[in-house]
file data_25.pdb (PDB, C-alpha atoms)
ATOM      1  CA  MET A   1      61.919  27.562  35.880  1.00  0.00           C
ATOM      2  CA  PRO A   2      62.020  24.225  34.079  1.00  0.00           C
ATOM      3  CA  ARG A   3      61.412  21.113  36.141  1.00  0.00           C
ATOM      4  CA  LEU A   4      62.470  18.803  33.296  1.00  0.00           C
ATOM      5  CA  ASN A   5      65.566  19.587  31.290  1.00  0.00           C
ATOM      6  CA  ALA A   6      65.466  20.358  27.582  1.00  0.00           C
ATOM      7  CA  ILE A   7      67.838  18.000  25.779  1.00  0.00           C
ATOM      8  CA  ASP A   8      70.596  19.531  23.669  1.00  0.00           C
ATOM      9  CA  PRO A   9      70.075  17.882  20.260  1.00  0.00           C
ATOM     10  CA  THR A  10      73.838  17.388  19.884  1.00  0.00           C
ATOM     11  CA  GLN A  11      73.890  15.447  23.170  1.00  0.00           C
ATOM     12  CA  ALA A  12      70.726  13.399  22.585  1.00  0.00           C
ATOM     13  CA  ASP A  13      70.776   9.637  22.264  1.00  0.00           C
ATOM     14  CA  ALA A  14      70.534   8.247  18.714  1.00  0.00           C
ATOM     15  CA  LYS A  15      66.732   7.882  18.622  1.00  0.00           C
ATOM     16  CA  ALA A  16      66.021  11.302  20.144  1.00  0.00           C
ATOM     17  CA  LYS A  17      68.650  12.937  17.901  1.00  0.00           C
ATOM     18  CA  THR A  18      67.028  11.511  14.779  1.00  0.00           C
ATOM     19  CA  LEU A  19      63.612  12.787  15.894  1.00  0.00           C
ATOM     20  CA  LEU A  20      64.940  16.220  16.886  1.00  0.00           C
ATOM     21  CA  ASP A  21      66.855  16.529  13.605  1.00  0.00           C
ATOM     22  CA  GLY A  22      63.565  15.871  11.766  1.00  0.00           C
ATOM     23  CA  VAL A  23      61.843  18.617  13.785  1.00  0.00           C
ATOM     24  CA  GLN A  24      64.694  21.041  13.038  1.00  0.00           C
ATOM     25  CA  LYS A  25      64.462  20.257   9.332  1.00  0.00           C
ATOM     26  CA  LYS A  26      60.672  20.683   9.257  1.00  0.00           C
ATOM     27  CA  LEU A  27      60.352  23.812  11.446  1.00  0.00           C
ATOM     28  CA  GLY A  28      63.760  25.428  11.065  1.00  0.00           C
ATOM     29  CA  MET A  29      64.051  25.305  14.862  1.00  0.00           C
ATOM     30  CA  THR A  30      63.795  22.746  17.626  1.00  0.00           C
ATOM     31  CA  PRO A  31      61.226  24.028  20.146  1.00  0.00           C
ATOM     32  CA  ASN A  32      61.846  23.496  23.846  1.00  0.00           C
ATOM     33  CA  LEU A  33      58.667  21.409  24.075  1.00  0.00           C
ATOM     34  CA  MET A  34      60.164  18.755  21.816  1.00  0.00           C
ATOM     35  CA  ARG A  35      63.631  19.082  23.324  1.00  0.00           C
ATOM     36  CA  THR A  36      62.061  18.420  26.723  1.00  0.00           C
ATOM     37  CA  MET A  37      59.972  15.517  25.428  1.00  0.00           C
ATOM     38  CA  ALA A  38      63.249  14.061  24.109  1.00  0.00           C
ATOM     39  CA  ASN A  39      64.055  12.973  27.664  1.00  0.00           C
ATOM     40  CA  SER A  40      61.949  10.008  26.587  1.00  0.00           C
ATOM     41  CA  PRO A  41      62.280   9.266  22.865  1.00  0.00           C
ATOM     42  CA  ALA A  42      59.069   7.216  23.198  1.00  0.00           C
ATOM     43  CA  VAL A  43      57.157  10.329  24.356  1.00  0.00           C
ATOM     44  CA  LEU A  44      58.607  12.504  21.590  1.00  0.00           C
ATOM     45  CA  GLU A  45      57.920   9.865  18.955  1.00  0.00           C
ATOM     46  CA  ALA A  46      54.329   9.422  20.174  1.00  0.00           C
ATOM     47  CA  TYR A  47      53.723  13.189  20.100  1.00  0.00           C
ATOM     48  CA  LEU A  48      55.220  13.621  16.640  1.00  0.00           C
ATOM     49  CA  GLY A  49      53.353  10.600  15.274  1.00  0.00           C
ATOM     50  CA  PHE A  50      50.013  11.792  16.651  1.00  0.00           C
ATOM     51  CA  GLY A  51      50.587  15.281  15.268  1.00  0.00           C
ATOM     52  CA  ASN A  52      51.680  14.003  11.869  1.00  0.00           C
ATOM     53  CA  SER A  53      48.614  11.765  11.641  1.00  0.00           C
ATOM     54  CA  LEU A  54      46.303  14.666  12.452  1.00  0.00           C
ATOM     55  CA  GLY A  55      48.031  16.659   9.726  1.00  0.00           C
ATOM     56  CA  LYS A  56      46.312  14.245   7.333  1.00  0.00           C
ATOM     57  CA  SER A  57      42.867  14.857   8.835  1.00  0.00           C
ATOM     58  CA  SER A  58      40.041  16.726   7.142  1.00  0.00           C
ATOM     59  CA  LEU A  59      40.527  19.655   9.550  1.00  0.00           C
ATOM     60  CA  SER A  60      42.499  22.494   7.967  1.00  0.00           C
ATOM     61  CA  PRO A  61      45.807  23.611   9.482  1.00  0.00           C
ATOM     62  CA  LYS A  62      44.113  26.915  10.337  1.00  0.00           C
ATOM     63  CA  LEU A  63      41.283  25.186  12.250  1.00  0.00           C
ATOM     64  CA  ARG A  64      43.735  22.896  14.054  1.00  0.00           C
ATOM     65  CA  GLU A  65      45.606  26.007  15.232  1.00  0.00           C
ATOM     66  CA  GLN A  66      42.327  27.613  16.329  1.00  0.00           C
ATOM     67  CA  LEU A  67      41.539  24.475  18.316  1.00  0.00           C
ATOM     68  CA  ALA A  68      45.011  24.534  19.871  1.00  0.00           C
ATOM     69  CA  LEU A  69      44.459  28.130  20.957  1.00  0.00           C
ATOM     70  CA  THR A  70      41.025  27.317  22.410  1.00  0.00           C
ATOM     71  CA  VAL A  71      42.383  24.355  24.370  1.00  0.00           C
ATOM     72  CA  GLY A  72      45.545  26.201  25.425  1.00  0.00           C
ATOM     73  CA  GLU A  73      43.503  29.066  26.836  1.00  0.00           C
ATOM     74  CA  SER A  74      41.087  26.668  28.526  1.00  0.00           C
ATOM     75  CA  ASN A  75      44.049  24.995  30.238  1.00  0.00           C
ATOM     76  CA  ARG A  76      45.986  28.258  30.769  1.00  0.00           C
ATOM     77  CA  CYS A  77      49.083  26.904  29.032  1.00  0.00           C
ATOM     78  CA  GLN A  78      51.419  29.820  28.325  1.00  0.00           C
ATOM     79  CA  TYR A  79      53.818  27.709  26.275  1.00  0.00           C
ATOM     80  CA  CYS A  80      51.076  26.437  23.953  1.00  0.00           C
ATOM     81  CA  LEU A  81      49.377  29.831  23.676  1.00  0.00           C
ATOM     82  CA  SER A  82      52.718  31.355  22.698  1.00  0.00           C
ATOM     83  CA  ALA A  83      53.606  28.595  20.238  1.00  0.00           C
ATOM     84  CA  HIS A  84      50.173  28.395  18.613  1.00  0.00           C
ATOM     85  CA  THR A  85      49.889  32.155  18.315  1.00  0.00           C
ATOM     86  CA  ALA A  86      53.081  32.073  16.236  1.00  0.00           C
ATOM     87  CA  LEU A  87      52.068  28.918  14.356  1.00  0.00           C
ATOM     88  CA  GLY A  88      48.547  30.270  13.856  1.00  0.00           C
ATOM     89  CA  LYS A  89      49.943  33.359  12.172  1.00  0.00           C
ATOM     90  CA  MET A  90      51.996  31.088   9.916  1.00  0.00           C
ATOM     91  CA  ALA A  91      48.765  29.188   9.095  1.00  0.00           C
ATOM     92  CA  GLY A  92      47.059  32.448   8.109  1.00  0.00           C
ATOM     93  CA  LEU A  93      45.216  33.465  11.281  1.00  0.00           C
ATOM     94  CA  SER A  94      44.808  37.195  11.867  1.00  0.00           C
ATOM     95  CA  GLU A  95      45.299  38.806  15.288  1.00  0.00           C
ATOM     96  CA  GLU A  96      41.504  39.003  15.601  1.00  0.00           C
ATOM     97  CA  GLU A  97      41.062  35.313  14.736  1.00  0.00           C
ATOM     98  CA  ILE A  98      43.709  34.408  17.306  1.00  0.00           C
ATOM     99  CA  ALA A  99      41.964  36.439  20.013  1.00  0.00           C
ATOM    100  CA  ASP A 100      38.578  34.993  19.033  1.00  0.00           C
ATOM    101  CA  SER A 101      39.942  31.452  19.048  1.00  0.00           C
ATOM    102  CA  ARG A 102      41.300  31.876  22.550  1.00  0.00           C
ATOM    103  CA  ARG A 103      37.730  32.737  23.626  1.00  0.00           C
ATOM    104  CA  GLY A 104      36.226  29.904  21.574  1.00  0.00           C
ATOM    105  CA  GLU A 105      34.583  32.372  19.206  1.00  0.00           C
ATOM    106  CA  SER A 106      34.449  32.902  15.447  1.00  0.00           C
ATOM    107  CA  PRO A 107      32.248  34.869  13.059  1.00  0.00           C
ATOM    108  CA  ASP A 108      31.972  31.624  11.061  1.00  0.00           C
ATOM    109  CA  ARG A 109      29.094  29.536  12.463  1.00  0.00           C
ATOM    110  CA  LYS A 110      30.740  26.144  11.942  1.00  0.00           C
ATOM    111  CA  THR A 111      34.120  27.240  13.289  1.00  0.00           C
ATOM    112  CA  GLU A 112      32.505  28.717  16.398  1.00  0.00           C
ATOM    113  CA  ALA A 113      30.528  25.514  16.966  1.00  0.00           C
ATOM    114  CA  VAL A 114      33.750  23.479  16.647  1.00  0.00           C
ATOM    115  CA  LEU A 115      35.618  25.734  19.090  1.00  0.00           C
ATOM    116  CA  GLN A 116      32.726  25.711  21.573  1.00  0.00           C
ATOM    117  CA  PHE A 117      32.574  21.918  21.301  1.00  0.00           C
ATOM    118  CA  ALA A 118      36.321  21.769  22.068  1.00  0.00           C
ATOM    119  CA  ARG A 119      35.849  23.993  25.133  1.00  0.00           C
ATOM    120  CA  THR A 120      33.051  21.713  26.313  1.00  0.00           C
ATOM    121  CA  ILE A 121      35.224  18.619  25.823  1.00  0.00           C
ATOM    122  CA  VAL A 122      37.910  20.209  28.024  1.00  0.00           C
ATOM    123  CA  ALA A 123      35.488  21.527  30.639  1.00  0.00           C
ATOM    124  CA  GLU A 124      33.531  18.281  30.891  1.00  0.00           C
ATOM    125  CA  ARG A 125      36.583  16.022  30.532  1.00  0.00           C
ATOM    126  CA  GLY A 126      35.009  14.432  27.478  1.00  0.00           C
ATOM    127  CA  TRP A 127      31.576  13.873  29.026  1.00  0.00           C
ATOM    128  CA  VAL A 128      29.710  15.929  26.430  1.00  0.00           C
ATOM    129  CA  SER A 129      25.949  15.756  26.109  1.00  0.00           C
ATOM    130  CA  ASP A 130      23.840  14.598  23.191  1.00  0.00           C
ATOM    131  CA  GLU A 131      22.958  18.259  22.719  1.00  0.00           C
ATOM    132  CA  ASP A 132      26.643  19.226  22.493  1.00  0.00           C
ATOM    133  CA  VAL A 133      27.212  16.674  19.724  1.00  0.00           C
ATOM    134  CA  ALA A 134      23.998  17.697  17.962  1.00  0.00           C
ATOM    135  CA  SER A 135      25.028  21.350  18.094  1.00  0.00           C
ATOM    136  CA  VAL A 136      28.377  20.802  16.358  1.00  0.00           C
ATOM    137  CA  ARG A 137      26.765  18.382  13.908  1.00  0.00           C
ATOM    138  CA  ASN A 138      23.973  20.898  13.122  1.00  0.00           C
ATOM    139  CA  ALA A 139      26.667  23.488  12.351  1.00  0.00           C
ATOM    140  CA  GLY A 140      27.956  21.174   9.627  1.00  0.00           C
ATOM    141  CA  ALA A 141      30.536  18.917  11.282  1.00  0.00           C
ATOM    142  CA  SER A 142      30.582  15.339  10.022  1.00  0.00           C
ATOM    143  CA  ASP A 143      31.173  12.325  12.241  1.00  0.00           C
ATOM    144  CA  ALA A 144      34.753  12.164  10.881  1.00  0.00           C
ATOM    145  CA  GLU A 145      35.312  15.813  11.782  1.00  0.00           C
ATOM    146  CA  ILE A 146      33.875  15.283  15.267  1.00  0.00           C
ATOM    147  CA  ALA A 147      36.277  12.367  15.780  1.00  0.00           C
ATOM    148  CA  GLU A 148      39.167  14.538  14.571  1.00  0.00           C
ATOM    149  CA  ILE A 149      38.148  17.418  16.852  1.00  0.00           C
ATOM    150  CA  VAL A 150      38.340  15.050  19.817  1.00  0.00           C
ATOM    151  CA  ALA A 151      41.789  13.891  18.680  1.00  0.00           C
ATOM    152  CA  VAL A 152      43.101  17.456  18.250  1.00  0.00           C
ATOM    153  CA  VAL A 153      41.755  18.369  21.697  1.00  0.00           C
ATOM    154  CA  ALA A 154      43.436  15.292  23.213  1.00  0.00           C
ATOM    155  CA  LEU A 155      46.782  16.087  21.567  1.00  0.00           C
ATOM    156  CA  ASN A 156      46.632  19.637  22.870  1.00  0.00           C
ATOM    157  CA  ILE A 157      45.642  18.557  26.372  1.00  0.00           C
ATOM    158  CA  PHE A 158      48.711  16.313  26.308  1.00  0.00           C
ATOM    159  CA  THR A 159      51.024  19.186  25.380  1.00  0.00           C
ATOM    160  CA  ASN A 160      49.337  21.568  27.855  1.00  0.00           C
ATOM    161  CA  TYR A 161      49.723  19.106  30.723  1.00  0.00           C
ATOM    162  CA  PHE A 162      53.254  18.171  29.661  1.00  0.00           C
ATOM    163  CA  ASN A 163      54.258  21.841  29.772  1.00  0.00           C
ATOM    164  CA  HIS A 164      52.578  22.359  33.137  1.00  0.00           C
ATOM    165  CA  VAL A 165      54.501  19.434  34.634  1.00  0.00           C
ATOM    166  CA  ALA A 166      57.803  20.153  32.864  1.00  0.00           C
ATOM    167  CA  GLY A 167      57.785  23.919  33.335  1.00  0.00           C
ATOM    168  CA  THR A 168      58.939  24.223  29.723  1.00  0.00           C
ATOM    169  CA  ASP A 169      60.764  27.469  28.945  1.00  0.00           C
ATOM    170  CA  VAL A 170      58.784  29.475  26.377  1.00  0.00           C
ATOM    171  CA  ASP A 171      60.884  29.926  23.241  1.00  0.00           C
ATOM    172  CA  PHE A 172      58.275  31.743  21.152  1.00  0.00           C
ATOM    173  CA  PRO A 173      57.132  35.360  21.578  1.00  0.00           C
ATOM    174  CA  GLU A 174      55.374  35.117  24.941  1.00  0.00           C
ATOM    175  CA  VAL A 175      51.598  35.263  25.195  1.00  0.00           C
ATOM    176  CA  ALA A 176      50.018  35.270  28.637  1.00  0.00           C
ATOM    177  CA  PRO A 177      46.883  33.284  29.408  1.00  0.00           C
ATOM    178  CA  ALA A 178      43.791  35.264  30.375  1.00  0.00           C
ATOM    179  CA  LYS A 179      43.615  36.106  34.057  1.00  0.00           C
ATOM    180  CA  THR A 180      40.886  33.538  34.582  1.00  0.00           C
ATOM    181  CA  ALA A 181      40.418  30.172  32.985  1.00  0.00           C
ATOM    182  CA  ALA A 182      38.482  30.311  29.735  1.00  0.00           C
ATOM    183  CA  CYS A 183      36.273  27.497  30.958  1.00  0.00           C
ATOM    184  CA  ALA A 184      35.303  25.961  34.243  1.00  0.00           C
ATOM    185  CA  CYS A 185      37.781  23.109  33.812  1.00  0.00           C
TER     186      CYS A 185
END
call {"tool": "encode", "arguments": {"input": "data_25.pdb", "output": "C-alpha cells"}}
result
Amino acid sequence: MPRLNAIDPTQADAKAKTLLDGVQKKLGMTPNLMRTMANSPAVLEAYLGFGNSLGKSSLSPKLREQLALTVGESNRCQYCLSAHTALGKMAGLSEEEIADSRRGESPDRKTEAVLQFARTIVAERGWVSDEDVASVRNAGASDAEIAEIVAVVALNIFTNYFNHVAGTDVDFPEVAPAKTAACAC
C-alpha cells in the first residue's frame, strides 16, 4: 500500500504538471514513480535531470538498464526490477540478459566486471577497494566510464530507496526480487 500518494497529472501544480506532461510525451505513460515524486516538483525535476544527463553518458542504454537491474536486485526494489525489466526489453535485453544482470553476471567480460563493480559499490556503500577499481579498469572501463557507473548506481539507489519509503504501486508487469538480497548490503 502506498505511503506517499501518486499525483494525478491533471491535478498537479503547474511545475509538476509540466514535468509529468514531458514524461507522458517521452514514455507514452506516466509511471507511478514519477507521479509520486511529483509531490515535490524539486525531487521530480532532480530525478529527471540526473537521468537525462546520464542518457548522454558513454554507457549504452542497454548497459544502463543492466546496471539498474543489478542495483534493483541488490536493494530488493520490486518497483525498479519491474520497471527496468520492461525498459530493459525495450533497450534490447533478452530474458537471459535480464536474469544475468539481476545476478550481476554477463558472458561479456567487461559487462560482468561493470555489474560486479556496481554490486560492490552498493554492498560497500561506495567504499570500494583499489583492487575493485583495478578489476573494472582491467576489464576495459575508462575513468569516464567508472565515474558514470558510480552515477548510474547512485541514481538507481535513489529510486530504490524512494520506492521503499513511498511504497510506490508497481505499474509495470510485476517482477519479484530474489528471496535473499543479491549482495550483503
call {"tool": "resolve_selection", "arguments": {"input": "data_25.pdb", "expression": "the PyMOL selection byres ((chain A and resi 85-93) around 10)", "output": "count of residues only"}}
result
27
call {"tool": "residues_around", "arguments": {"input": "data_25.pdb", "residues": "range 32-41 of chain A", "least_positions_apart": "4", "cutoff": "8 Å", "atoms": "only C-alpha atoms", "output": "PyMOL selection string"}}
result
chain A and resi 4-9+12+15-16+19-20+45+163+166+168-171
call {"tool": "residues_near_point", "arguments": {"input": "data_25.pdb", "point": "(36.6, 17.9, 34.6)", "cutoff": "12 Å", "atoms": "only C-alpha atoms", "output": "MDAnalysis selection string"}}
result
chainID A and resid 74:75 119:128 183:185
call {"tool": "write_last_selection", "arguments": {"input": "data_25.pdb", "atoms": "C-alpha atoms", "output": "mmCIF file, keeping the file's coordinate frame"}}
result
data_model
loop_
_atom_site.group_PDB
_atom_site.id
_atom_site.type_symbol
_atom_site.label_atom_id
_atom_site.label_comp_id
_atom_site.auth_asym_id
_atom_site.auth_seq_id
_atom_site.Cartn_x
_atom_site.Cartn_y
_atom_site.Cartn_z
ATOM 1 C CA SER A 74 41.087 26.668 28.526
ATOM 2 C CA ASN A 75 44.049 24.995 30.238
ATOM 3 C CA ARG A 119 35.849 23.993 25.133
ATOM 4 C CA THR A 120 33.051 21.713 26.313
ATOM 5 C CA ILE A 121 35.224 18.619 25.823
ATOM 6 C CA VAL A 122 37.910 20.209 28.024
ATOM 7 C CA ALA A 123 35.488 21.527 30.639
ATOM 8 C CA GLU A 124 33.531 18.281 30.891
ATOM 9 C CA ARG A 125 36.583 16.022 30.532
ATOM 10 C CA GLY A 126 35.009 14.432 27.478
ATOM 11 C CA TRP A 127 31.576 13.873 29.026
ATOM 12 C CA VAL A 128 29.710 15.929 26.430
ATOM 13 C CA CYS A 183 36.273 27.497 30.958
ATOM 14 C CA ALA A 184 35.303 25.961 34.243
ATOM 15 C CA CYS A 185 37.781 23.109 33.812
#
call {"tool": "closest_residue", "arguments": {"input": "data_25.pdb", "among": "A:Gly55, A:Glu112, A:Leu44, A:Lys179", "to": "Phe158 in chain A", "atoms": "all atoms listed in the file"}}
result
A:Leu44
call {"tool": "closest_residue", "arguments": {"input": "data_25.pdb", "among": "A:Ser142, A:Asn52, A:Thr159, A:Gln116", "to": "Val23 in chain A", "atoms": "all atoms listed in the file"}}
result
A:Asn52
call {"tool": "atom_distance", "arguments": {"input": "data_25.pdb", "atom1": "CA of Lys26 in chain A", "atom2": "CA of Asn156 in chain A"}}
result
19.6 Å
call {"tool": "closest_residue", "arguments": {"input": "data_25.pdb", "among": "A:Leu155, A:Leu67, A:Met29, A:Ile149", "to": "Val133 in chain A", "atoms": "only C-alpha atoms"}}
result
A:Ile149
call {"tool": "build_atoms", "arguments": {"input": "data_25.pdb", "residues": "range 68-102 of chain A", "atoms": "N, CA and C atoms", "output": "PDB file, keeping the file's coordinate frame"}}
result
ATOM      1  N   ALA A  68      43.889  24.513  18.928  1.00  0.00           N
ATOM      2  CA  ALA A  68      45.011  24.534  19.871  1.00  0.00           C
ATOM      3  C   ALA A  68      44.947  25.773  20.757  1.00  0.00           C
ATOM      4  N   LEU A  69      44.585  26.899  20.180  1.00  0.00           N
ATOM      5  CA  LEU A  69      44.459  28.130  20.957  1.00  0.00           C
ATOM      6  C   LEU A  69      43.299  28.045  21.946  1.00  0.00           C
ATOM      7  N   THR A  70      42.176  27.482  21.521  1.00  0.00           N
ATOM      8  CA  THR A  70      41.025  27.317  22.410  1.00  0.00           C
ATOM      9  C   THR A  70      41.387  26.421  23.593  1.00  0.00           C
ATOM     10  N   VAL A  71      42.018  25.298  23.308  1.00  0.00           N
ATOM     11  CA  VAL A  71      42.383  24.355  24.370  1.00  0.00           C
ATOM     12  C   VAL A  71      43.475  24.952  25.257  1.00  0.00           C
ATOM     13  N   GLY A  72      44.467  25.593  24.647  1.00  0.00           N
ATOM     14  CA  GLY A  72      45.545  26.201  25.425  1.00  0.00           C
ATOM     15  C   GLY A  72      45.043  27.251  26.394  1.00  0.00           C
ATOM     16  N   GLU A  73      44.087  28.064  25.939  1.00  0.00           N
ATOM     17  CA  GLU A  73      43.503  29.066  26.836  1.00  0.00           C
ATOM     18  C   GLU A  73      42.673  28.389  27.914  1.00  0.00           C
ATOM     19  N   SER A  74      41.905  27.383  27.544  1.00  0.00           N
ATOM     20  CA  SER A  74      41.087  26.668  28.526  1.00  0.00           C
ATOM     21  C   SER A  74      41.941  26.078  29.639  1.00  0.00           C
ATOM     22  N   ASN A  75      43.146  25.612  29.267  1.00  0.00           N
ATOM     23  CA  ASN A  75      44.049  24.995  30.238  1.00  0.00           C
ATOM     24  C   ASN A  75      45.132  25.948  30.745  1.00  0.00           C
ATOM     25  N   ARG A  76      45.053  27.228  30.327  1.00  0.00           N
ATOM     26  CA  ARG A  76      45.986  28.258  30.769  1.00  0.00           C
ATOM     27  C   ARG A  76      47.440  27.861  30.539  1.00  0.00           C
ATOM     28  N   CYS A  77      47.735  27.340  29.367  1.00  0.00           N
ATOM     29  CA  CYS A  77      49.083  26.904  29.032  1.00  0.00           C
ATOM     30  C   CYS A  77      49.817  28.002  28.262  1.00  0.00           C
ATOM     31  N   GLN A  78      50.700  28.717  28.961  1.00  0.00           N
ATOM     32  CA  GLN A  78      51.419  29.820  28.325  1.00  0.00           C
ATOM     33  C   GLN A  78      52.293  29.334  27.180  1.00  0.00           C
ATOM     34  N   TYR A  79      52.953  28.202  27.356  1.00  0.00           N
ATOM     35  CA  TYR A  79      53.818  27.709  26.275  1.00  0.00           C
ATOM     36  C   TYR A  79      52.988  27.482  25.012  1.00  0.00           C
ATOM     37  N   CYS A  80      51.884  26.760  25.133  1.00  0.00           N
ATOM     38  CA  CYS A  80      51.076  26.437  23.953  1.00  0.00           C
ATOM     39  C   CYS A  80      50.408  27.673  23.364  1.00  0.00           C
ATOM     40  N   LEU A  81      49.951  28.589  24.203  1.00  0.00           N
ATOM     41  CA  LEU A  81      49.377  29.831  23.676  1.00  0.00           C
ATOM     42  C   LEU A  81      50.422  30.602  22.879  1.00  0.00           C
ATOM     43  N   SER A  82      51.633  30.647  23.391  1.00  0.00           N
ATOM     44  CA  SER A  82      52.718  31.355  22.698  1.00  0.00           C
ATOM     45  C   SER A  82      53.056  30.660  21.382  1.00  0.00           C
ATOM     46  N   ALA A  83      53.240  29.346  21.440  1.00  0.00           N
ATOM     47  CA  ALA A  83      53.606  28.595  20.238  1.00  0.00           C
ATOM     48  C   ALA A  83      52.502  28.656  19.185  1.00  0.00           C
ATOM     49  N   HIS A  84      51.260  28.456  19.594  1.00  0.00           N
ATOM     50  CA  HIS A  84      50.173  28.395  18.613  1.00  0.00           C
ATOM     51  C   HIS A  84      49.740  29.776  18.129  1.00  0.00           C
ATOM     52  N   THR A  85      50.086  30.818  18.867  1.00  0.00           N
ATOM     53  CA  THR A  85      49.889  32.155  18.315  1.00  0.00           C
ATOM     54  C   THR A  85      50.841  32.339  17.139  1.00  0.00           C
ATOM     55  N   ALA A  86      52.096  31.971  17.330  1.00  0.00           N
ATOM     56  CA  ALA A  86      53.081  32.073  16.236  1.00  0.00           C
ATOM     57  C   ALA A  86      52.728  31.133  15.081  1.00  0.00           C
ATOM     58  N   LEU A  87      52.406  29.886  15.404  1.00  0.00           N
ATOM     59  CA  LEU A  87      52.068  28.918  14.356  1.00  0.00           C
ATOM     60  C   LEU A  87      50.750  29.274  13.671  1.00  0.00           C
ATOM     61  N   GLY A  88      49.819  29.831  14.434  1.00  0.00           N
ATOM     62  CA  GLY A  88      48.547  30.270  13.856  1.00  0.00           C
ATOM     63  C   GLY A  88      48.746  31.370  12.835  1.00  0.00           C
ATOM     64  N   LYS A  89      49.629  32.301  13.147  1.00  0.00           N
ATOM     65  CA  LYS A  89      49.943  33.359  12.172  1.00  0.00           C
ATOM     66  C   LYS A  89      50.537  32.747  10.912  1.00  0.00           C
ATOM     67  N   MET A  90      51.403  31.763  11.082  1.00  0.00           N
ATOM     68  CA  MET A  90      51.996  31.088   9.916  1.00  0.00           C
ATOM     69  C   MET A  90      50.930  30.349   9.107  1.00  0.00           C
ATOM     70  N   ALA A  91      49.862  29.894   9.771  1.00  0.00           N
ATOM     71  CA  ALA A  91      48.765  29.188   9.095  1.00  0.00           C
ATOM     72  C   ALA A  91      47.747  30.146   8.496  1.00  0.00           C
ATOM     73  N   GLY A  92      47.943  31.463   8.713  1.00  0.00           N
ATOM     74  CA  GLY A  92      47.059  32.448   8.109  1.00  0.00           C
ATOM     75  C   GLY A  92      46.051  33.090   9.040  1.00  0.00           C
ATOM     76  N   LEU A  93      46.145  32.839  10.344  1.00  0.00           N
ATOM     77  CA  LEU A  93      45.216  33.465  11.281  1.00  0.00           C
ATOM     78  C   LEU A  93      45.597  34.930  11.507  1.00  0.00           C
ATOM     79  N   SER A  94      44.592  35.785  11.536  1.00  0.00           N
ATOM     80  CA  SER A  94      44.808  37.195  11.867  1.00  0.00           C
ATOM     81  C   SER A  94      44.864  37.343  13.388  1.00  0.00           C
ATOM     82  N   GLU A  95      45.289  38.519  13.846  1.00  0.00           N
ATOM     83  CA  GLU A  95      45.299  38.806  15.288  1.00  0.00           C
ATOM     84  C   GLU A  95      43.890  38.639  15.877  1.00  0.00           C
ATOM     85  N   GLU A  96      42.892  39.112  15.127  1.00  0.00           N
ATOM     86  CA  GLU A  96      41.504  39.003  15.601  1.00  0.00           C
ATOM     87  C   GLU A  96      41.070  37.543  15.692  1.00  0.00           C
ATOM     88  N   GLU A  97      41.424  36.739  14.700  1.00  0.00           N
ATOM     89  CA  GLU A  97      41.062  35.313  14.736  1.00  0.00           C
ATOM     90  C   GLU A  97      41.761  34.597  15.889  1.00  0.00           C
ATOM     91  N   ILE A  98      42.987  35.002  16.178  1.00  0.00           N
ATOM     92  CA  ILE A  98      43.709  34.408  17.306  1.00  0.00           C
ATOM     93  C   ILE A  98      43.005  34.758  18.614  1.00  0.00           C
ATOM     94  N   ALA A  99      42.667  36.018  18.794  1.00  0.00           N
ATOM     95  CA  ALA A  99      41.964  36.439  20.013  1.00  0.00           C
ATOM     96  C   ALA A  99      40.612  35.749  20.129  1.00  0.00           C
ATOM     97  N   ASP A 100      39.872  35.686  19.028  1.00  0.00           N
ATOM     98  CA  ASP A 100      38.578  34.993  19.033  1.00  0.00           C
ATOM     99  C   ASP A 100      38.741  33.525  19.398  1.00  0.00           C
ATOM    100  N   SER A 101      39.729  32.879  18.804  1.00  0.00           N
ATOM    101  CA  SER A 101      39.942  31.452  19.048  1.00  0.00           C
ATOM    102  C   SER A 101      40.236  31.179  20.513  1.00  0.00           C
ATOM    103  N   ARG A 102      41.001  32.046  21.127  1.00  0.00           N
ATOM    104  CA  ARG A 102      41.300  31.876  22.550  1.00  0.00           C
ATOM    105  C   ARG A 102      40.028  31.913  23.386  1.00  0.00           C
TER     106      ARG A 102
END
